[in-house]
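I have placed the structure first, in the form of structure tokens, so that the comments after it can refer back to it.
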Amino acid sequence: MSLRLGQTASTRNTSFLPGSKFDVFLSFRGEDTRTNFTDHLYTALVGKGIHTFRDDEELKRGDIISEKLLQAIEESGVFIIIFSENYANSKWCLNELVRIMECWSARGRKVFPIFYHVDPSEVRKPGAEPGF
């Protein structure tokens with residue numbers, strides 16, 4: 001089962017955050033992980049009945065992050081950020097990350113980082129705690 005931007009699943013077995021539209025929001029760099037790691041993770045989560053948002057739209061360089069995507073972030077209970085080699089090179093990914101961290105800070109939402117073919121020290125500011 002694959003959800004497109006703005007679609008919802010008809011059945012739901014879990015609820016990480018009561019009232020949330022999505023249990024999990026996946027943040028990832030499409031060119032790095034869309035057709036491999038992220039696709040497998042998404043399939044496994046949905047297979048377990050976890051209502052998961054994954055943006056299937058190819059985002060064009062320079063485009064402004066869509067309001068629907070930001071709304072999906074706001075309506076998610078848990079975030080999985082898949083840091084990959086080119087994640088930080090994407091304005092979309094960084095804008096998602098800012099909104100996700102606002103939800104973490106202001107609303108206490110859970111954030112789970114995954115480091116896909118990158119060392120955590122490459123992502124974290126030197127000397128800083130992960131903060132998750």
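By convention here, the chains of the structure tokens are called A, B, ... in the order presented, each chain's residues are numbered starting at 1, and ligands are numbered starting at 1 in the order presented.
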
Where does range 82-113 of chain A meet range 13-32 of chain A within 7 Å, residue by residue, with the nearest atom pair and distance in Å to one decimal for each, counting only C-alpha atoms, listed by chain and rising number, as CSV?
residue,atom,partner,partner_atom,distance
A:Ile82,CA,A:Phe28,CA,5.0
A:Phe83,CA,A:Phe28,CA,6.7
A:Ser84,CA,A:Asp32,CA,6.6
A:Asn86,CA,A:Arg29,CA,6.7
A:Tyr87,CA,A:Arg29,CA,5.1
A:Cys93,CA,A:Arg29,CA,6.7

Would you export the selected residues with C-alpha atoms as a PDB file, in the first residue's frame, please?
ATOM      1  CA  ILE A  82      16.862   9.097   7.238  1.00  0.00           C
ATOM      2  CA  PHE A  83      20.105  11.036   7.068  1.00  0.00           C
ATOM      3  CA  SER A  84      21.933  10.089   3.890  1.00  0.00           C
ATOM      4  CA  ASN A  86      22.840  14.165   0.137  1.00  0.00           C
ATOM      5  CA  TYR A  87      20.140  14.847   2.751  1.00  0.00           C
ATOM      6  CA  CYS A  93      14.853  18.117   3.444  1.00  0.00           C
TER       7      CYS A  93
END

Would you kindly return, as a PDB file with N, CA, C and O atoms, in the first residue's frame, each protein, DNA or RNA residue with an atom no farther than 8 Å from any atom of Glu85 in chain A, considering only C-alpha atoms and excluding same-chain residues fewer than 4 positions away?
ATOM      1  N   ASP A  32      18.684   9.466  -2.789  1.00  0.00           N
ATOM      2  CA  ASP A  32      19.571   8.576  -2.032  1.00  0.00           C
ATOM      3  C   ASP A  32      18.897   7.273  -1.610  1.00  0.00           C
ATOM      4  O   ASP A  32      19.529   6.216  -1.637  1.00  0.00           O
ATOM      5  N   TYR A 116      22.039   6.541   7.189  1.00  0.00           N
ATOM      6  CA  TYR A 116      22.157   5.619   6.062  1.00  0.00           C
ATOM      7  C   TYR A 116      23.418   5.943   5.264  1.00  0.00           C
ATOM      8  O   TYR A 116      23.470   6.937   4.558  1.00  0.00           O
ATOM      9  N   HIS A 117      24.417   5.122   5.440  1.00  0.00           N
ATOM     10  CA  HIS A 117      25.706   5.275   4.752  1.00  0.00           C
ATOM     11  C   HIS A 117      26.395   6.596   5.087  1.00  0.00           C
ATOM     12  O   HIS A 117      27.144   7.127   4.255  1.00  0.00           O
ATOM     13  N   VAL A 118      26.103   7.144   6.264  1.00  0.00           N
ATOM     14  CA  VAL A 118      26.825   8.312   6.777  1.00  0.00           C
ATOM     15  C   VAL A 118      27.104   8.068   8.251  1.00  0.00           C
ATOM     16  O   VAL A 118      26.348   7.385   8.931  1.00  0.00           O
TER      17      VAL A 118
END

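Distances to Leu69 in chain A were evaluated for A:Gly49, A:Glu102, A:Thr33, A:Trp92 using only C-alpha atoms, and the minimum falls at A:Trp92.
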
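Coordinates place CA of Gly77 in chain A at a distance of 7.2 Å from CA of Lys110 in chain A.
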
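Across the model, the gap from CA of Phe79 in chain A to CA of Thr38 in chain A is 13.1 Å.
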
Rounded to one decimal place, report the CA of Ala72 in chain A-CA of Pro120 in chain A distance in Å.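 If I compute the distance from CA of Ala72 in chain A to CA of Pro120 in chain A, I get 26.3 Å.
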
Taking only range 30-89 of chain A into account, list the residues labelled strand (DSSP E) by DSSP (computed from the backbone), as a PyMOL selection string. chain A and resi 52-53+76-83

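Remark: for Leu94 in chain A, the closest of the candidate residues A:Gln71, A:Ile114, A:Ile81, A:Arg107 is A:Ile81 (distances computed over only C-alpha atoms).
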
Please provide the set of residues having any atom within 7 Å of Arg109 in chain A, restricted to only C-alpha atoms, with same-chain residues fewer than 4 positions apart removed, written as JSON, numbers by chain. {"A": [77, 78, 103, 104]}

Nearest residue to Ser66 in chain A from the set A:Glu96, A:Arg34, A:Ser121, A:Val111 (distances using only C-alpha atoms): A:Glu96
